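So the structure is just underneath, and the comments pick up after that.
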Amino acid sequence: MNPIIFDYSITDTPLVRVSETKDLGVIFTTNLSWEQHVMTTCSIALKILGLLFRVTKPFSDLRVLRTLYCCLIRPHLEYCCVVWSPHQLYLRDSIEMVQMRFLRLAGVRLGFRYLDVSEQEISSYLNLPSLETRRSIHDVHFLYKLVNGIIDCPDLLQKINFQIPTGTRSRVLFARTSVTTSYAANSPVIRM
């Protein structure tokens with residue numbers, strides 16, 4: 001399918017057609033893929049992570065490193081994740097790789113060799129759940145706020161399909177929604 005392309009102008013000044021735009025810190029592309037946003041976000045987070053470990057070379061307390069990671073790096077990886085949380089495995093792995101690199105570098109501070117670090121042990125020691133788990137928690141938290149009126153957005157609330165109980169034993173709150181495309185199946189409201 002070929003899109004209809006029309007040249008728009010304002011007061012005889014032609015508007016430039018772009019393939020991506022950044023709105024409130026989230027990169028939107030014409031093909032509705034989150035790849036560019038995830039790659040840009042991971043690149044920024046890895047740069048900050050490198051700086052963090054160069055600057056904190058004399059630090060040996062992992063709790064301090066954890067606090068710095070949670071304050072300086074993780075917010076980049078979670079900002080607006082309710083909107084852009086990817087369903088593609090390679091994008092999820094790219095995001096998770098940033099935290100894995102932090103865990104490996106933290107393990108080096110404990111005396112392990114870089115490739116011998118057990119990310120799971122360091123993760124549980126520092127109480128750092130996976131970023132995918134945290135994105136799921138953000139989704140549920142957003143849904144809770146939306147359903148309980150803490151977020152006032154009737155348009156979004158209208159898209160949620162509530163299950164009307166047919167009997168007294170039904171405890172299912174949300175009705176299943178059937179969709180025809182993978183993109184729709186992974187949209188924020190359906191995903192939540």
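We label chains A, B, ... in the order they appear in the structure tokens, count residues from 1 in each chain, and number ligands from 1 in the order shown.
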List every residue of region 15-173 of chain A that DSSP, applied to the backbone, labels as alpha helix (DSSP H), and write the result as number ranges by chain.
A: 35-55, 62-72, 74-78, 81-84, 89-109, 119-126, 131-147, 154-158
Report as a PyMOL selection string all protein, DNA and RNA residues lying within 9 Å of region 20-35 of chain A, evaluated on only C-alpha atoms, omitting residues in the same chain fewer than 4 positions from it.
chain A and resi 39-40+79-80+83-86+91+183
Produce a file of the selected residues containing C-alpha atoms, as a PDB file, in the first residue's frame.
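Saved result, out-v2.pdb, follows:
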ATOM      1  CA  MET A  39      18.378   2.414  20.570  1.00  0.00           C
ATOM      2  CA  THR A  40      18.700   6.127  21.376  1.00  0.00           C
ATOM      3  CA  TYR A  79      10.603   7.114  31.049  1.00  0.00           C
ATOM      4  CA  CYS A  80       7.108   6.796  29.480  1.00  0.00           C
ATOM      5  CA  VAL A  83       3.611   4.143  25.957  1.00  0.00           C
ATOM      6  CA  TRP A  84       6.644   2.596  24.266  1.00  0.00           C
ATOM      7  CA  SER A  85       7.263  -0.753  26.009  1.00  0.00           C
ATOM      8  CA  PRO A  86       8.496  -2.982  23.146  1.00  0.00           C
ATOM      9  CA  LEU A  91      14.490  -4.514  21.713  1.00  0.00           C
ATOM     10  CA  TYR A 183       0.757  -4.117  16.636  1.00  0.00           C
TER      11      TYR A 183
END
Neighbours of region 110-118 of chain A within 12 Å (only C-alpha atoms; same-chain residues fewer than 3 positions away dropped), as a ChimeraX atom specification?
/A:59-63,65,100-107,121-125
Which neighbours of Gly50 (chain A) fall inside 12 Å, counting only C-alpha atoms, when residues of the same chain fewer than 6 positions from it are skipped, and could you give them as a ChimeraX atom specification?
/A:43-44,56-57,69,72-73,98,101-102,105
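For the residues A:Gln99, A:Asn148, A:Asn2, A:Ser136, ranking by smallest atom-to-atom distance to Leu49 (chain A) using only C-alpha atoms places A:Gln99 first.
Picture a line from CA of Val64 (chain A) to CA of Leu52 (chain A); it runs 11.2 Å.
The shortest atom-to-atom distance to Glu78 (chain A), with only C-alpha atoms taken into account, belongs to A:Cys42 out of A:Leu51, A:Ile151, A:Met97, A:Cys42.
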Would you kindly return, as an mmCIF file with N, CA, C and O atoms, in the first residue's frame, each protein, DNA or RNA residue with an atom no farther than 9 Å from any atom of region 155-157 of chain A, considering only C-alpha atoms and excluding same-chain residues fewer than 4 positions away?
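Generated output (part37.cif):
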data_model
loop_
_atom_site.group_PDB
_atom_site.id
_atom_site.type_symbol
_atom_site.label_atom_id
_atom_site.label_comp_id
_atom_site.auth_asym_id
_atom_site.auth_seq_id
_atom_site.Cartn_x
_atom_site.Cartn_y
_atom_site.Cartn_z
ATOM 1 N N LEU A 146 -5.760 4.579 36.397
ATOM 2 C CA LEU A 146 -6.796 4.903 35.421
ATOM 3 C C LEU A 146 -8.161 4.399 35.873
ATOM 4 O O LEU A 146 -9.144 5.136 35.849
ATOM 5 N N VAL A 147 -8.230 3.153 36.342
ATOM 6 C CA VAL A 147 -9.497 2.553 36.753
ATOM 7 C C VAL A 147 -10.044 3.216 38.012
ATOM 8 O O VAL A 147 -11.254 3.387 38.159
ATOM 9 N N ASN A 161 -12.072 -2.855 28.420
ATOM 10 C CA ASN A 161 -13.253 -3.719 28.388
ATOM 11 C C ASN A 161 -13.396 -4.431 29.721
ATOM 12 O O ASN A 161 -12.612 -5.327 30.041
ATOM 13 N N VAL A 189 -3.081 -0.288 26.009
ATOM 14 C CA VAL A 189 -4.315 -0.654 26.712
ATOM 15 C C VAL A 189 -4.531 -2.162 26.676
ATOM 16 O O VAL A 189 -4.875 -2.761 27.696
#
So which one's closest to Arg66 (chain A), A:Ile150, A:Ile137, A:Leu131, A:Leu126? Using only C-alpha atoms, please.
A:Leu126
Of A:Gln36, A:Pro154, A:Asp12, A:Arg134, the one sitting nearest Pro75 (chain A) when using only C-alpha atoms is A:Arg134
